[in-house]
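A short worksheet on the structure shown next.
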Amino acid sequence: MTTHDPVLDLACRMPKAELHVHIEGTLEPDLAFALARRNGIALPYADEAALRAAYDFDSLQSFLDLYYACADVLRTADDFRDLMLAYLERAAADNVVHAEIFFDPQTHTARGIAYRTVLDGLEEGLRIGRQRWGISGLLILCFLRHLSEEEAFATLAEAEPWLDRIHGFGLDSSEQGHPPSKFARVFARCRELGKPVVAHAGEEGPPAYVVEALDLLGSARIDHGVRSVEDPALVARLAREAIPLTVCPLSNLRLCVFGTMAEHTLPQLLAAGVRVTVNSDDPAYFGGYLNDNIRAVQAAFAFDAATWQRIARNSFEASFVDAAQKAAWIAELDRMCTVDS
Ligand code: HPA
Ligand SMILES: [Zn+2]
């Protein structure tokens with residue numbers, strides 16, 4: 001039996017921005033099989049249940065291996081459009097009004113899919129999603145950190161003719177052994193191009209990688225950053241400099257960063273005054289979308305309404321939209337919280 005939690009209900013209804021979601025990680029098994037059929041491709045799993053049964057990860061790498069294999073069904077611009085629409089529909093249902101969405105072009109160009117095809121499809125999805133659900137979205141191009149600096153520069157060169165169509169750059173994939181310093185020159189070039197940059201750091205990697213992401217890459221936000229608590233001076237800096245962390249609780253649980261949600265460092269980071277946000281990362285693989293993450297956190301920590309309002313506000317403050325748009329969304333959030341309290 002479930003008991004009704006009015007705070008949880010309010011948190012789920014709050015308008016929010018999602019700042020850490022990989023579009024390839026929103027590929028649900030049903031869509032994966034539908035696209036495989038449409039493209040005449042065989043997935044290495046008999047059916048959806050067999051694929052779901054493989055979602056038994058013990059590390060980031062064990063997840064990435066499956067995530068890259070499933071991305072093989074994405075071939076045409078229509079596939080990327082449909083993937084985007086499926087995500088936006090679910091996000092809108094969770095009262096996400098704005099999403100900053102990662103995509104990994106190297107996962108696709110390595111298979112012979114043109115960068116343009118990926119971009120055209122994702123953009124069409126964003127355009128239709130805005131019309132249908134009033135949700136806005138920005139694209140963030142991520143470099144795969146297990147690949148070389150040279151390959152990242154080649155990807156950047158491919159993206160440059162259409163730079164106005166992406167909002168910023170990020171860094172993802174296997175963290176251990178691939179420190180941010182490996183991409184310092186690539187990110188310097190991204191910043192020269194006038195784009196904000198972000199980086200995954202402190203998910204499986206040490207707090208020193210968070211420091212590198214800030215000092216060597218100029219990262220405007222840290223994706224994950226949950227291991228920052230191992231360095232109190234870093235936590236103090238994150239709070240002092242108002243550096244947002246895009247935390248993904250169910251992801252951390254499913255990839256065994258923490259054994260249980262009760263061990264998650266989110267409450268410590270919040271208590272230290274760090275600008276924490278809650279996000280879904282790869283919702284198709286990790287057990288849910290944004291409100292599922294909120295439910296899991298609330299079950300472990302029973303936050304009050306003001307804490308959830310703070311987290312929702314952080315998501316707007318940490319977003320890359322202009323100040324007037326941020327203020328409008330925050331005013332809407334504050335209005336709904338006042339009416340409800
Ligand atoms: O959580 C993640 N970490 C690193 N790379 C990723 N690519 C998709 N999700 C992730
Ligand atoms: Zn991520």
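Chains: A, B, ... in order of the structure tokens. Residues: from 1 per chain. Ligands: from 1, in order shown.
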Handout entry: Selection as a list of chain:residue names: residues within 6 Å of ligand 1 by only C-alpha atoms and all ligand atoms
Key = A:His22, A:Asp172, A:Ser173, A:Ser174, A:Asp281, A:Asp282
Could you please take those selected residues and save N, CA and C atoms as a PDB file, in the first residue's frame?
```pdb
ATOM      1  N   HIS A  22      20.955  12.006 -21.724  1.00  0.00           N
ATOM      2  CA  HIS A  22      21.599  11.618 -22.986  1.00  0.00           C
ATOM      3  C   HIS A  22      20.496  11.088 -23.893  1.00  0.00           C
ATOM      4  N   ASP A 172      31.592  12.926 -22.070  1.00  0.00           N
ATOM      5  CA  ASP A 172      31.000  11.766 -21.388  1.00  0.00           C
ATOM      6  C   ASP A 172      31.732  10.480 -21.766  1.00  0.00           C
ATOM      7  N   SER A 173      31.151   9.352 -21.425  1.00  0.00           N
ATOM      8  CA  SER A 173      31.711   8.005 -21.591  1.00  0.00           C
ATOM      9  C   SER A 173      32.655   7.647 -20.424  1.00  0.00           C
ATOM     10  N   SER A 174      33.518   6.651 -20.639  1.00  0.00           N
ATOM     11  CA  SER A 174      34.297   6.022 -19.551  1.00  0.00           C
ATOM     12  C   SER A 174      35.196   7.033 -18.834  1.00  0.00           C
ATOM     13  N   ASP A 281      19.612  11.244 -16.572  1.00  0.00           N
ATOM     14  CA  ASP A 281      20.791  10.652 -17.211  1.00  0.00           C
ATOM     15  C   ASP A 281      20.432   9.778 -18.421  1.00  0.00           C
ATOM     16  N   ASP A 282      20.134   8.511 -18.184  1.00  0.00           N
ATOM     17  CA  ASP A 282      19.769   7.564 -19.254  1.00  0.00           C
ATOM     18  C   ASP A 282      18.503   6.835 -18.800  1.00  0.00           C
TER      19      ASP A 282
END
```
Practice task
Name the residues, by chain letter and number, that sit within 9 Å of ligand 2 using only C-alpha atoms and all ligand atoms, and give them as a list in words.
Solution key: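 Using only C-alpha atoms and all ligand atoms, I find these residues within 9 Å of ligand 2: His20, Val21, His22, Gly25, Phe102, Leu171, Asp172, Ser173, His200, Glu203, Asp223, His224, Thr246, Cys248, Ser251, Ser280, Asp281 and Asp282 of chain A.
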Exercise for the section: Check the DSSP output for the backbone and give back, as a ChimeraX atom specification, the residues of stretch 60-250 of chain A in strand (DSSP E). Expected result: /A:96-103,136-144,168-172,199-201,222-224,245-247
Exercise for the section: For stretch 291-306 of chain A, please output as a list in words all residues within 7 Å (counting only C-alpha atoms; exclusion window: fewer than 3 positions along the same chain). Expected result: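 So the residues in contact are Val7, Leu8, Cys12, Asp94, Pro249, Leu250, Met261, Ala262, Ser280, Gly288, Gln309 and Arg310 of chain A.
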Practice task
Go through A:Ala157, A:Tyr209, A:Asp164, A:Ala318 and flag the residue nearest A:Arg189, using only C-alpha atoms for the distances.
Solution key: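 Among the listed residues, the smallest separation from A:Arg189 belongs to A:Ala157.
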Practice task
Please provide as a PyMOL selection string all residues within 9 Å of A:Gly121, with the sequence filter that same-chain residues fewer than 4 positions apart are discarded (counting only C-alpha atoms).
Solution key: chain A and resi 76-84+116-117+125-126
Emit the selected residues as a PDB file, in the first residue's frame, including N, CA and C atoms.
```pdb
ATOM      1  N   THR A  76      18.427   6.638 -39.312  1.00  0.00           N
ATOM      2  CA  THR A  76      17.937   7.716 -40.181  1.00  0.00           C
ATOM      3  C   THR A  76      17.533   8.931 -39.347  1.00  0.00           C
ATOM      4  N   ALA A  77      17.360  10.054 -40.045  1.00  0.00           N
ATOM      5  CA  ALA A  77      16.906  11.262 -39.342  1.00  0.00           C
ATOM      6  C   ALA A  77      15.556  11.001 -38.665  1.00  0.00           C
ATOM      7  N   ASP A  78      14.687  10.215 -39.305  1.00  0.00           N
ATOM      8  CA  ASP A  78      13.385   9.894 -38.695  1.00  0.00           C
ATOM      9  C   ASP A  78      13.570   9.145 -37.374  1.00  0.00           C
ATOM     10  N   ASP A  79      14.586   8.271 -37.325  1.00  0.00           N
ATOM     11  CA  ASP A  79      14.840   7.531 -36.074  1.00  0.00           C
ATOM     12  C   ASP A  79      15.199   8.499 -34.947  1.00  0.00           C
ATOM     13  N   PHE A  80      16.078   9.456 -35.259  1.00  0.00           N
ATOM     14  CA  PHE A  80      16.502  10.415 -34.234  1.00  0.00           C
ATOM     15  C   PHE A  80      15.340  11.325 -33.831  1.00  0.00           C
ATOM     16  N   ARG A  81      14.497  11.669 -34.811  1.00  0.00           N
ATOM     17  CA  ARG A  81      13.304  12.468 -34.492  1.00  0.00           C
ATOM     18  C   ARG A  81      12.388  11.705 -33.554  1.00  0.00           C
ATOM     19  N   ASP A  82      12.122  10.450 -33.877  1.00  0.00           N
ATOM     20  CA  ASP A  82      11.193   9.664 -33.064  1.00  0.00           C
ATOM     21  C   ASP A  82      11.737   9.433 -31.652  1.00  0.00           C
ATOM     22  N   LEU A  83      13.063   9.257 -31.566  1.00  0.00           N
ATOM     23  CA  LEU A  83      13.699   9.105 -30.253  1.00  0.00           C
ATOM     24  C   LEU A  83      13.497  10.373 -29.425  1.00  0.00           C
ATOM     25  N   MET A  84      13.736  11.517 -30.042  1.00  0.00           N
ATOM     26  CA  MET A  84      13.567  12.794 -29.342  1.00  0.00           C
ATOM     27  C   MET A  84      12.119  12.985 -28.907  1.00  0.00           C
ATOM     28  N   ARG A 116      25.051  15.316 -39.984  1.00  0.00           N
ATOM     29  CA  ARG A 116      23.857  16.050 -40.414  1.00  0.00           C
ATOM     30  C   ARG A 116      22.578  15.261 -40.163  1.00  0.00           C
ATOM     31  N   THR A 117      22.636  13.966 -40.409  1.00  0.00           N
ATOM     32  CA  THR A 117      21.450  13.110 -40.216  1.00  0.00           C
ATOM     33  C   THR A 117      21.014  13.142 -38.752  1.00  0.00           C
ATOM     34  N   GLY A 125      12.702  16.739 -34.030  1.00  0.00           N
ATOM     35  CA  GLY A 125      12.020  16.292 -32.815  1.00  0.00           C
ATOM     36  C   GLY A 125      11.803  17.449 -31.843  1.00  0.00           C
ATOM     37  N   LEU A 126      12.818  18.273 -31.679  1.00  0.00           N
ATOM     38  CA  LEU A 126      12.689  19.430 -30.768  1.00  0.00           C
ATOM     39  C   LEU A 126      11.596  20.386 -31.250  1.00  0.00           C
TER      40      LEU A 126
END
```
Handout entry: Who sits within 8 Å of A:Ser319, only C-alpha atoms, same chain under 4 positions skipped, as a PyMOL selection string
Key = chain A and resi 17+19+100+315+326
Would you output that residue set with N, CA and C atoms, as a short mmCIF file (atom, residue, chain, number, x, y, z; two decimals), in the first residue's frame?
```
data_model
loop_
_atom_site.label_atom_id
_atom_site.label_comp_id
_atom_site.auth_asym_id
_atom_site.auth_seq_id
_atom_site.Cartn_x
_atom_site.Cartn_y
_atom_site.Cartn_z
N ALA A 17 13.56 22.12 -15.04
CA ALA A 17 14.42 21.94 -16.20
C ALA A 17 15.22 20.65 -15.98
N LEU A 19 18.70 18.94 -17.02
CA LEU A 19 19.98 19.41 -17.56
C LEU A 19 20.97 18.29 -17.81
N GLU A 100 18.04 20.33 -21.55
CA GLU A 100 19.33 20.52 -22.24
C GLU A 100 19.88 19.12 -22.45
N SER A 315 17.52 24.21 -11.00
CA SER A 315 17.54 23.70 -12.38
C SER A 315 17.37 24.83 -13.38
N LYS A 326 14.63 32.54 -17.51
CA LYS A 326 14.83 31.94 -16.18
C LYS A 326 13.88 32.56 -15.16
#
```
Practice task
Within stretch 61-290 of chain A, find each residue whose DSSP state, derived from the backbone, is helix (DSSP H, G or I), and express the selection as a ChimeraX atom specification.
Solution key: /A:61-73,77-93,105-109,115-133,149-165,180-192,207-215,226-230,232-240,249-254,261-263,266-271,283-286,290
Please write the residues from the selection above to a file, keeping C-alpha atoms, as a short mmCIF file (atom, residue, chain, number, x, y, z; two decimals), in the first residue's frame.
```cif
data_model
loop_
_atom_site.label_atom_id
_atom_site.label_comp_id
_atom_site.auth_asym_id
_atom_site.auth_seq_id
_atom_site.Cartn_x
_atom_site.Cartn_y
_atom_site.Cartn_z
CA GLN A 61 31.48 0.52 -18.37
CA SER A 62 29.05 -2.41 -18.17
CA PHE A 63 26.26 0.03 -18.98
CA LEU A 64 28.16 1.83 -21.76
CA ASP A 65 28.81 -1.45 -23.59
CA LEU A 66 25.06 -2.10 -23.86
CA TYR A 67 24.18 1.56 -24.51
CA TYR A 68 26.52 1.77 -27.51
CA ALA A 69 25.28 -1.59 -28.87
CA CYS A 70 21.62 -0.49 -28.74
CA ALA A 71 22.41 2.82 -30.46
CA ASP A 72 23.08 0.76 -33.59
CA VAL A 73 19.34 0.76 -34.38
CA ALA A 77 16.91 11.26 -39.34
CA ASP A 78 13.38 9.89 -38.69
CA ASP A 79 14.84 7.53 -36.07
CA PHE A 80 16.50 10.42 -34.23
CA ARG A 81 13.30 12.47 -34.49
CA ASP A 82 11.19 9.66 -33.06
CA LEU A 83 13.70 9.11 -30.25
CA MET A 84 13.57 12.79 -29.34
CA LEU A 85 9.76 12.87 -29.46
CA ALA A 86 9.47 9.83 -27.20
CA TYR A 87 11.73 11.52 -24.64
CA LEU A 88 10.02 14.92 -24.81
CA GLU A 89 6.58 13.37 -24.35
CA ARG A 90 7.71 11.62 -21.17
CA ALA A 91 9.60 14.67 -19.92
CA ALA A 92 6.59 16.94 -20.49
CA ALA A 93 4.43 14.47 -18.54
CA PRO A 105 27.84 12.18 -32.54
CA GLN A 106 30.89 9.89 -32.45
CA THR A 107 28.67 6.93 -31.56
CA HIS A 108 26.91 7.46 -34.88
CA THR A 109 29.57 8.82 -37.24
CA TYR A 115 26.51 14.15 -38.41
CA ARG A 116 23.86 16.05 -40.41
CA THR A 117 21.45 13.11 -40.22
CA VAL A 118 21.71 13.02 -36.42
CA LEU A 119 21.34 16.77 -36.08
CA ASP A 120 18.45 17.07 -38.56
CA GLY A 121 16.47 14.35 -36.79
CA LEU A 122 17.05 15.63 -33.26
CA GLU A 123 16.18 19.18 -34.30
CA GLU A 124 12.97 18.12 -36.00
CA GLY A 125 12.02 16.29 -32.81
CA LEU A 126 12.69 19.43 -30.77
CA ARG A 127 10.58 21.54 -33.14
CA ILE A 128 7.61 19.17 -33.05
CA GLY A 129 7.98 18.70 -29.29
CA ARG A 130 7.81 22.42 -28.71
CA GLN A 131 4.62 22.63 -30.79
CA ARG A 132 2.94 19.62 -29.18
CA TRP A 133 3.88 20.02 -25.52
CA GLU A 149 41.92 14.24 -28.54
CA GLU A 150 42.48 13.99 -32.29
CA GLU A 151 39.10 12.31 -32.78
CA ALA A 152 37.42 14.99 -30.66
CA PHE A 153 38.99 17.69 -32.84
CA ALA A 154 37.75 15.87 -35.96
CA THR A 155 34.22 15.80 -34.52
CA LEU A 156 34.43 19.49 -33.69
CA ALA A 157 35.50 20.21 -37.28
CA GLU A 158 32.50 18.24 -38.55
CA ALA A 159 30.17 20.21 -36.29
CA GLU A 160 31.57 23.65 -37.12
CA PRO A 161 29.51 24.31 -40.30
CA TRP A 162 26.33 24.03 -38.17
CA LEU A 163 27.49 25.54 -34.91
CA ASP A 164 24.41 27.71 -34.50
CA ARG A 165 22.33 24.53 -34.14
CA PRO A 180 39.42 16.10 -18.25
CA SER A 181 43.02 17.25 -18.86
CA LYS A 182 43.06 14.98 -21.95
CA PHE A 183 40.62 17.42 -23.61
CA ALA A 184 41.92 20.78 -22.36
CA ARG A 185 42.85 21.97 -25.86
CA VAL A 186 39.57 20.78 -27.43
CA PHE A 187 37.55 22.59 -24.78
CA ALA A 188 39.66 25.75 -25.14
CA ARG A 189 38.63 25.75 -28.81
CA CYS A 190 34.96 25.16 -27.90
CA ARG A 191 35.07 28.15 -25.57
CA GLU A 192 36.76 30.25 -28.27
CA PRO A 207 37.30 14.69 -6.92
CA ALA A 208 40.53 15.73 -8.68
CA TYR A 209 38.70 15.20 -12.00
CA VAL A 210 36.05 17.73 -10.87
CA VAL A 211 38.81 20.23 -10.12
CA GLU A 212 40.35 19.58 -13.57
CA ALA A 213 36.96 20.01 -15.27
CA LEU A 214 36.63 23.43 -13.61
CA ASP A 215 40.21 24.65 -13.96
CA VAL A 226 28.77 13.24 -6.43
CA ARG A 227 32.26 12.12 -5.37
CA SER A 228 33.12 15.78 -4.63
CA VAL A 229 32.18 15.17 -0.98
CA GLU A 230 35.48 13.30 -0.57
CA PRO A 232 35.75 19.24 1.65
CA ALA A 233 37.70 22.12 0.09
CA LEU A 234 36.12 21.27 -3.28
CA VAL A 235 32.62 21.20 -1.77
CA ALA A 236 33.26 24.62 -0.22
CA ARG A 237 34.41 25.90 -3.60
CA LEU A 238 31.39 24.48 -5.46
CA ALA A 239 29.12 26.27 -2.97
CA ARG A 240 31.10 29.53 -2.98
CA PRO A 249 20.27 9.54 -8.37
CA LEU A 250 18.83 6.43 -10.09
CA SER A 251 21.82 6.34 -12.45
CA ASN A 252 24.21 6.35 -9.49
CA LEU A 253 22.27 3.54 -7.88
CA ARG A 254 22.05 1.41 -11.02
CA MET A 261 19.92 5.51 -2.08
CA ALA A 262 20.40 6.18 1.64
CA GLU A 263 24.16 6.37 0.96
CA LEU A 266 22.87 14.47 -2.43
CA PRO A 267 21.77 15.55 1.09
CA GLN A 268 25.38 16.40 2.07
CA LEU A 269 25.84 18.48 -1.06
CA LEU A 270 22.54 20.29 -0.47
CA ALA A 271 23.40 20.94 3.17
CA PRO A 283 16.18 7.04 -18.17
CA ALA A 284 15.43 4.03 -20.40
CA TYR A 285 18.26 2.09 -18.74
CA PHE A 286 18.20 3.29 -15.13
CA LEU A 290 12.79 12.78 -13.82
#
```
